[in-house]
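Please read the structure below before turning to the comments.
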Amino acid sequence: MNILVLNCGSSSLKYKLFEMTTYEVLAKGQADRIGLPGALFTHETPGLAPVQCETPLADHAAAVSALLTHLADARQGIPADRSDIAGVGHRVVHGGEHFRSSVVVDPAVRGLLEKTKALAPLHNPPNLMGIDVCARLMPDVPQVAVFDTAFHQTMEPRAFTYAIPYRYYAEDAVRRYGFHGTSHRYVAARTAELLAGRSGDPRIITCHLGAGSSLCAVAKGKSRDTSMGFTPLSGLVMGTRSGDLDPAVVSFLMEKERCSIAEALDILNRQSGVFGISGVSPDFRDLEQEAARGHERARLALDVFAYSAARGIASLIPAAGGLDALAFTAGIGENSPVMRLRICAYFSWLGLKLDEDKNNAGGEGDIAAGESAVRVFVVPTDEEKMIARETEAVLKK
Ligand code: ADP
């Protein structure tokens, strides 16, 4: 069975075609600058040179047509026409309160999805456009929506309710939702497997640390609380996002810069985080390099990030009901032993201790010292593969 995974942004589209017995990626690619001058389409098949086309892509339909043409092109090694695709899994950022798991998109679901647009005005409209375009171009292929928020729908009201007048929740569904759910769900399940029954129902905090970062408290396999909120702007300090701050800072920025609310939010989304603090880069490899050379603000940015993660982990312990294991994933979580060490150092009082060699080894596994009171794992995540697996599971139901 082949599953196509699609992630549609406002002017971009990324895709991967998976063969589902081995999870082999048969082809992948992306379209950038859709609807803009200088559109670029890249398609890659393993073992062959990537194909790049600078043809205009008027809209997402043009981009999906281009991808179907490339997939069906026998010269590219994988003649996969529409009938070879069992389903398309779409990443949908926000499922609101309607969706607790992945679903096949039928007209009723499509109607409910429409209502989620207001909750994620930047992300959901292009995600839904991807679904509509594929439904039109591949009418016989089922479309499945996989939500970043779904895993967190098990949070209790005490964890998701914001302390603002209740009518904003009752009428407008303003509450904590949380994101990166597909990743947290996979990493928590894999961590429980790696613990191999060492603690009956393990209490786990999963740490998805990448360009966007979030934490999730998991107990009995369910998300109990998470660091992101109504949008993916809150929680930890991130590459370019501020994470949590006093909301009064927003009105201060607006007055100081004489700017609109949209511009103030742009400062918090794109000019903040470790990039904003350091003035150097949102990329932790650059920051670690600059910090080693003595760049004070790069050092400060890394310090703030590590502390923000540790503080976030500590704040989730009540939700998990204790702590049996921490699990690190995503770009930084998987690849930066230094950052894992810095974060874990805040929990030495708890008897948490890393094994230096295992922490530096790379790959999946337990990196805690034998005597550590809390286990620590690295679990590589792969959101596209998870979306493909979710899609397959939904189609088999
Ligand atoms: P996303 O999927 O959200 O775009 P990723 O999970 O791929 O992000 O994470 C990307 C980030 O991971 C990069 O911005 C970089 O900061 C960090 N990263 C990747 N490799 C390393 C590394 N070897 N050391 C430190 N940080 C790394």
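Scheme for the structure tokens: letters A, B, ... for chains in order shown; per-chain residue numbers from 1; ligand numbers from 1 in order shown.
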Selection near Ala309 (chain A), 10 Å with only C-alpha atoms, sequence-local residues under 2 positions removed, as a ChimeraX atom specification: /A:207,209,213-215,227,235-238,304-307,311-315,339-340,342-344,346
Any idea what's packed within 9 Å of region 44-59 of chain A, counting only C-alpha atoms, ignoring anything in its chain fewer than 3 positions away? Could you give it as a PyMOL selection string? chain A and resi 11+25-29+31-41+62-64+66+76-78
Hey, can you spit out that residue selection with N, CA and C atoms as a compact mmCIF listing (two decimals), in the first residue's frame?
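See result-v3.txt below for the written result:
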# COMPACT_ATOMS: atom_id res chain seq x y z
N SER A 11 1.99 29.20 0.81
CA SER A 11 2.57 29.30 -0.52
C SER A 11 3.51 28.13 -0.80
N VAL A 25 10.50 5.64 1.65
CA VAL A 25 10.03 6.84 0.96
C VAL A 25 10.30 6.64 -0.53
N LEU A 26 9.23 6.46 -1.32
CA LEU A 26 9.39 6.19 -2.75
C LEU A 26 9.72 7.46 -3.51
N ALA A 27 9.20 8.58 -3.02
CA ALA A 27 9.46 9.87 -3.67
C ALA A 27 9.10 10.96 -2.69
N LYS A 28 9.75 12.09 -2.85
CA LYS A 28 9.39 13.24 -2.01
C LYS A 28 9.68 14.52 -2.77
N GLY A 29 9.13 15.60 -2.31
CA GLY A 29 9.42 16.85 -2.99
C GLY A 29 8.69 18.00 -2.37
N ALA A 31 6.94 22.15 -3.39
CA ALA A 31 6.73 23.31 -4.25
C ALA A 31 6.81 24.53 -3.37
N ASP A 32 7.56 25.51 -3.79
CA ASP A 32 7.68 26.76 -3.04
C ASP A 32 7.22 27.93 -3.90
N ARG A 33 6.83 28.99 -3.23
CA ARG A 33 6.39 30.22 -3.90
C ARG A 33 5.20 29.97 -4.84
N ILE A 34 4.26 29.16 -4.37
CA ILE A 34 3.04 28.91 -5.15
C ILE A 34 2.27 30.23 -5.25
N GLY A 35 1.83 30.57 -6.48
CA GLY A 35 1.07 31.81 -6.68
C GLY A 35 1.94 33.05 -6.69
N LEU A 36 3.26 32.87 -6.61
CA LEU A 36 4.17 34.03 -6.59
C LEU A 36 5.16 33.90 -7.75
N PRO A 37 5.82 35.01 -8.12
CA PRO A 37 6.85 34.88 -9.15
C PRO A 37 8.00 34.01 -8.61
N GLY A 38 8.63 33.25 -9.52
CA GLY A 38 9.79 32.45 -9.11
C GLY A 38 9.42 31.16 -8.39
N ALA A 39 8.26 30.58 -8.75
CA ALA A 39 7.87 29.31 -8.13
C ALA A 39 8.90 28.23 -8.46
N LEU A 40 9.14 27.34 -7.50
CA LEU A 40 10.14 26.29 -7.70
C LEU A 40 9.55 24.96 -7.27
N PHE A 41 9.68 23.95 -8.13
CA PHE A 41 9.16 22.62 -7.81
C PHE A 41 10.33 21.64 -7.80
N ALA A 62 -2.31 23.64 -9.22
CA ALA A 62 -1.22 23.48 -10.18
C ALA A 62 -0.07 22.69 -9.54
N ALA A 63 0.19 22.96 -8.27
CA ALA A 63 1.29 22.26 -7.59
C ALA A 63 0.96 20.78 -7.41
N VAL A 64 -0.30 20.46 -7.03
CA VAL A 64 -0.68 19.05 -6.86
C VAL A 64 -0.66 18.35 -8.22
N ALA A 66 1.29 19.06 -10.69
CA ALA A 66 2.70 18.83 -11.01
C ALA A 66 3.22 17.61 -10.26
N GLN A 76 11.05 8.52 -13.87
CA GLN A 76 11.53 8.81 -12.53
C GLN A 76 11.49 7.59 -11.63
N GLY A 77 11.30 6.43 -12.25
CA GLY A 77 11.54 5.19 -11.52
C GLY A 77 10.37 4.63 -10.73
N ILE A 78 9.36 5.42 -10.42
CA ILE A 78 8.25 4.87 -9.64
C ILE A 78 6.93 5.20 -10.33
Residue nearest Gly239 (chain A) among A:Leu268, A:Leu119, A:Leu323, A:Leu395 (counting only C-alpha atoms): A:Leu268
Enumerate as an MDAnalysis selection string the residues within 9 Å of ligand 1, counting only C-alpha atoms and all ligand atoms. chainID A and resid 208:213 239 281:288 329:339 381:383
For the residues in that selection, give me N, CA and C atoms as an mmCIF file, in the first residue's frame.
data_model
loop_
_atom_site.group_PDB
_atom_site.id
_atom_site.type_symbol
_atom_site.label_atom_id
_atom_site.label_comp_id
_atom_site.auth_asym_id
_atom_site.auth_seq_id
_atom_site.Cartn_x
_atom_site.Cartn_y
_atom_site.Cartn_z
ATOM 1 N N HIS A 208 9.627 17.821 22.477
ATOM 2 C CA HIS A 208 9.806 18.015 21.028
ATOM 3 C C HIS A 208 10.517 19.353 20.868
ATOM 4 N N LEU A 209 11.837 19.297 20.646
ATOM 5 C CA LEU A 209 12.628 20.530 20.574
ATOM 6 C C LEU A 209 13.185 20.680 19.164
ATOM 7 N N GLY A 210 12.559 21.550 18.393
ATOM 8 C CA GLY A 210 13.005 21.778 17.016
ATOM 9 C C GLY A 210 12.910 23.260 16.724
ATOM 10 N N ALA A 211 12.635 23.606 15.458
ATOM 11 C CA ALA A 211 12.437 25.027 15.137
ATOM 12 C C ALA A 211 11.270 25.556 15.978
ATOM 13 N N GLY A 212 10.217 24.754 16.084
ATOM 14 C CA GLY A 212 9.142 24.991 17.057
ATOM 15 C C GLY A 212 9.318 23.952 18.155
ATOM 16 N N SER A 213 9.084 24.339 19.404
ATOM 17 C CA SER A 213 9.319 23.394 20.505
ATOM 18 C C SER A 213 8.098 23.302 21.398
ATOM 19 N N GLY A 239 12.935 28.897 18.182
ATOM 20 C CA GLY A 239 13.910 29.480 17.253
ATOM 21 C C GLY A 239 13.653 30.966 17.051
ATOM 22 N N SER A 281 21.126 33.927 14.981
ATOM 23 C CA SER A 281 20.500 32.885 14.163
ATOM 24 C C SER A 281 19.450 32.156 14.999
ATOM 25 N N PRO A 282 18.420 31.598 14.318
ATOM 26 C CA PRO A 282 17.497 30.734 15.064
ATOM 27 C C PRO A 282 18.023 29.299 15.150
ATOM 28 N N ASP A 283 19.132 29.022 14.452
ATOM 29 C CA ASP A 283 19.628 27.653 14.357
ATOM 30 C C ASP A 283 20.613 27.366 15.492
ATOM 31 N N PHE A 284 20.338 26.288 16.235
ATOM 32 C CA PHE A 284 21.140 25.992 17.427
ATOM 33 C C PHE A 284 22.580 25.595 17.094
ATOM 34 N N ARG A 285 22.801 25.106 15.877
ATOM 35 C CA ARG A 285 24.186 24.787 15.505
ATOM 36 C C ARG A 285 24.999 26.071 15.420
ATOM 37 N N ASP A 286 24.406 27.112 14.800
ATOM 38 C CA ASP A 286 25.100 28.413 14.705
ATOM 39 C C ASP A 286 25.318 28.984 16.103
ATOM 40 N N LEU A 287 24.291 28.862 16.949
ATOM 41 C CA LEU A 287 24.393 29.456 18.278
ATOM 42 C C LEU A 287 25.471 28.768 19.110
ATOM 43 N N GLU A 288 25.531 27.426 18.998
ATOM 44 C CA GLU A 288 26.549 26.705 19.772
ATOM 45 C C GLU A 288 27.954 27.099 19.298
ATOM 46 N N THR A 329 13.135 14.626 21.432
ATOM 47 C CA THR A 329 12.958 14.365 20.001
ATOM 48 C C THR A 329 13.068 15.651 19.203
ATOM 49 N N ALA A 330 13.001 15.543 17.876
ATOM 50 C CA ALA A 330 13.072 16.641 16.884
ATOM 51 C C ALA A 330 14.506 17.185 16.772
ATOM 52 N N GLY A 331 14.693 18.158 15.888
ATOM 53 C CA GLY A 331 16.031 18.625 15.488
ATOM 54 C C GLY A 331 17.018 18.807 16.638
ATOM 55 N N ILE A 332 16.618 19.553 17.650
ATOM 56 C CA ILE A 332 17.534 19.810 18.777
ATOM 57 C C ILE A 332 17.525 18.618 19.737
ATOM 58 N N GLY A 333 16.336 18.131 20.052
ATOM 59 C CA GLY A 333 16.211 17.028 21.003
ATOM 60 C C GLY A 333 16.981 15.790 20.567
ATOM 61 N N GLU A 334 17.011 15.533 19.256
ATOM 62 C CA GLU A 334 17.696 14.342 18.754
ATOM 63 C C GLU A 334 19.185 14.560 18.548
ATOM 64 N N ASN A 335 19.546 15.805 18.188
ATOM 65 C CA ASN A 335 20.915 16.027 17.693
ATOM 66 C C ASN A 335 21.831 16.845 18.577
ATOM 67 N N SER A 336 21.332 17.389 19.668
ATOM 68 C CA SER A 336 22.206 18.225 20.488
ATOM 69 C C SER A 336 22.423 17.630 21.879
ATOM 70 N N PRO A 337 23.507 16.814 22.036
ATOM 71 C CA PRO A 337 23.817 16.255 23.359
ATOM 72 C C PRO A 337 24.046 17.367 24.379
ATOM 73 N N VAL A 338 24.623 18.479 23.906
ATOM 74 C CA VAL A 338 24.936 19.592 24.818
ATOM 75 C C VAL A 338 23.649 20.156 25.419
ATOM 76 N N MET A 339 22.642 20.359 24.578
ATOM 77 C CA MET A 339 21.386 20.925 25.079
ATOM 78 C C MET A 339 20.676 19.925 25.984
ATOM 79 N N THR A 381 11.788 11.338 15.892
ATOM 80 C CA THR A 381 10.416 11.434 15.417
ATOM 81 C C THR A 381 10.454 11.620 13.910
ATOM 82 N N ASP A 382 9.363 11.316 13.251
ATOM 83 C CA ASP A 382 9.282 11.532 11.816
ATOM 84 C C ASP A 382 7.802 11.800 11.562
ATOM 85 N N GLU A 383 7.456 13.083 11.546
ATOM 86 C CA GLU A 383 6.034 13.422 11.508
ATOM 87 C C GLU A 383 5.344 12.920 10.242
#
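Every protein, DNA or RNA residue with an atom at most 12 Å from region 166-172 of chain A, where only C-alpha atoms count and chain neighbours fewer than 2 positions away do not, is listed here: Gly96, Glu97, Lys115, Thr116, Ala118, Leu119, Pro157, Phe160, Thr161, Tyr162, Ala163, Ile164, Val174, Arg175, Arg176, Tyr177 and Phe230 of chain A.
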For those residues, write C-alpha atoms to a file as a PDB file, in the first residue's frame.
ATOM      1  CA  GLY A  96     -10.421  22.411  17.399  1.00  0.00           C
ATOM      2  CA  GLU A  97     -12.620  20.453  19.810  1.00  0.00           C
ATOM      3  CA  LYS A 115     -15.248  25.828  11.408  1.00  0.00           C
ATOM      4  CA  THR A 116     -11.614  25.275  12.453  1.00  0.00           C
ATOM      5  CA  ALA A 118     -11.035  30.733  12.540  1.00  0.00           C
ATOM      6  CA  LEU A 119      -8.850  28.994  15.145  1.00  0.00           C
ATOM      7  CA  PRO A 157     -10.629  21.256  31.774  1.00  0.00           C
ATOM      8  CA  PHE A 160      -7.012  23.570  29.079  1.00  0.00           C
ATOM      9  CA  THR A 161      -9.126  26.366  30.593  1.00  0.00           C
ATOM     10  CA  TYR A 162      -7.702  29.871  30.374  1.00  0.00           C
ATOM     11  CA  ALA A 163      -8.496  32.215  33.266  1.00  0.00           C
ATOM     12  CA  ILE A 164     -10.349  34.772  31.168  1.00  0.00           C
ATOM     13  CA  VAL A 174     -10.671  29.978  23.297  1.00  0.00           C
ATOM     14  CA  ARG A 175      -8.607  27.482  25.339  1.00  0.00           C
ATOM     15  CA  ARG A 176      -5.327  25.595  25.350  1.00  0.00           C
ATOM     16  CA  TYR A 177      -5.181  23.124  22.449  1.00  0.00           C
ATOM     17  CA  PHE A 230      -4.347  28.422  21.758  1.00  0.00           C
TER      18      PHE A 230
END
Ranking A:Val280, A:Leu194, A:Gly200, A:Leu233 by minimum distance to Ala120 (chain A) and counting only C-alpha atoms, which one comes first? A:Leu233
Could you give me, as a tab-separated table, every region 348-395 of chain A residue with an atom at most 10 Å from region 139-156 of chain A, plus its closest atom pair and distance in Å to one decimal, counting only C-alpha atoms, rows ordered by chain then number?
residue	atom	partner	partner_atom	distance
A:Glu383	CA	A:Asp148	CA	9.9
A:Met386	CA	A:Val146	CA	9.3
A:Ile387	CA	A:Val146	CA	6.3
A:Ala388	CA	A:Val146	CA	9.2
A:Glu390	CA	A:Val146	CA	7.2
A:Thr391	CA	A:Val144	CA	6.0
A:Glu392	CA	A:Val144	CA	9.2
A:Val394	CA	A:Val144	CA	7.7
A:Leu395	CA	A:Pro142	CA	8.1
Could you dump the residues just selected with N, CA, C and O atoms as a CSV table (one decimal), in the first residue's frame?
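Writing done, so here's result.csv:
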chain,number,residue,atom,x,y,z
A,383,GLU,N,7.5,13.1,11.5
A,383,GLU,CA,6.0,13.4,11.5
A,383,GLU,C,5.3,12.9,10.2
A,383,GLU,O,4.2,12.5,10.3
A,386,MET,N,4.6,9.3,10.6
A,386,MET,CA,3.5,9.2,11.6
A,386,MET,C,2.2,9.5,10.9
A,386,MET,O,1.2,8.8,11.1
A,387,ILE,N,2.1,10.5,10.0
A,387,ILE,CA,0.9,10.8,9.3
A,387,ILE,C,0.5,9.7,8.4
A,387,ILE,O,-0.6,9.3,8.3
A,388,ALA,N,1.6,9.1,7.7
A,388,ALA,CA,1.3,8.0,6.8
A,388,ALA,C,0.7,6.8,7.6
A,388,ALA,O,-0.3,6.2,7.2
A,390,GLU,N,-0.9,6.9,10.5
A,390,GLU,CA,-2.2,7.3,11.0
A,390,GLU,C,-3.2,7.1,9.8
A,390,GLU,O,-4.3,6.6,10.0
A,391,THR,N,-2.8,7.5,8.6
A,391,THR,CA,-3.7,7.4,7.5
A,391,THR,C,-4.0,6.0,7.2
A,391,THR,O,-5.2,5.6,6.9
A,392,GLU,N,-3.0,5.1,7.2
A,392,GLU,CA,-3.2,3.7,6.9
A,392,GLU,C,-4.1,3.1,8.0
A,392,GLU,O,-5.1,2.4,7.6
A,394,VAL,N,-6.5,4.6,9.8
A,394,VAL,CA,-7.8,5.1,9.6
A,394,VAL,C,-8.5,4.4,8.4
A,394,VAL,O,-9.6,4.0,8.4
A,395,LEU,N,-7.7,4.1,7.3
A,395,LEU,CA,-8.2,3.5,6.1
A,395,LEU,C,-8.6,2.0,6.4
A,395,LEU,O,-9.5,1.5,5.8
Would you please work out which residue, of A:Met138, A:Val92, A:Ala192, A:Ile85, is nearest to Asn7 (chain A) when using only C-alpha atoms? A:Val92
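The residues of region 156-273 of chain A that DSSP classifies as strand (DSSP E), using the backbone of this structure, are A:Ile204, A:Ile205, A:Thr206, A:Cys207, A:His208, A:Leu209, A:Ser213, A:Ser214, A:Leu215, A:Cys216, A:Ala217, A:Val218, A:Ala219, A:Lys222, A:Ser223, A:Arg224, A:Asp225, A:Thr226.
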Which polymer residues have any atom within 12 Å of an atom of Ser348 (chain A), counting only C-alpha atoms, with same-chain residues fewer than 6 positions away left out, as a VMD selection string? chain A and resid 310 341 to 342 354 368 to 369 371 to 374
Nearest to Gly95 (chain A), chosen from A:Val187, A:Leu68, A:Gly178, A:Pro126, with only C-alpha atoms counted in the distances: A:Gly178
Quick one: everything within 9 Å of Asp324 (chain A), counting only C-alpha atoms, minus sequence neighbours fewer than 5 positions away in the same chain. Send it as a tab-separated table (two decimals) with N, CA, C and O atoms, in the first residue's frame.
chain	number	residue	atom	x	y	z
A	199	SER	N	8.06	0.48	34.48
A	199	SER	CA	7.10	1.08	35.41
A	199	SER	C	5.73	0.91	34.75
A	199	SER	O	5.56	1.28	33.59
A	202	PRO	N	3.82	4.26	32.70
A	202	PRO	CA	4.87	5.27	32.89
A	202	PRO	C	4.37	6.70	32.74
A	202	PRO	O	3.51	6.99	31.91
A	203	ARG	N	4.93	7.55	33.61
A	203	ARG	CA	4.65	8.99	33.54
A	203	ARG	C	5.82	9.61	32.78
A	203	ARG	O	6.96	9.55	33.23
A	204	ILE	N	5.47	10.15	31.61
A	204	ILE	CA	6.51	10.57	30.66
A	204	ILE	C	6.32	12.04	30.31
A	204	ILE	O	5.18	12.50	30.16
A	205	ILE	N	7.41	12.76	30.20
A	205	ILE	CA	7.33	14.10	29.58
A	205	ILE	C	8.12	14.05	28.28
A	205	ILE	O	9.31	13.74	28.27
A	373	ALA	N	17.50	8.13	38.71
A	373	ALA	CA	16.16	7.92	39.27
A	373	ALA	C	15.08	8.12	38.22
A	373	ALA	O	13.93	7.72	38.41
A	374	VAL	N	15.43	8.78	37.11
A	374	VAL	CA	14.49	9.02	36.02
A	374	VAL	C	15.19	8.55	34.75
A	374	VAL	O	16.37	8.84	34.54
A	375	ARG	N	14.49	7.77	33.91
A	375	ARG	CA	15.11	7.35	32.64
A	375	ARG	C	15.01	8.51	31.64
A	375	ARG	O	14.08	9.32	31.71
A	376	VAL	N	15.97	8.57	30.74
A	376	VAL	CA	15.97	9.62	29.72
A	376	VAL	C	16.20	8.95	28.36
A	376	VAL	O	17.14	8.14	28.23
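Of note, CA of Asn127 (chain A) and CA of Leu113 (chain A) are spaced 10.1 Å apart.
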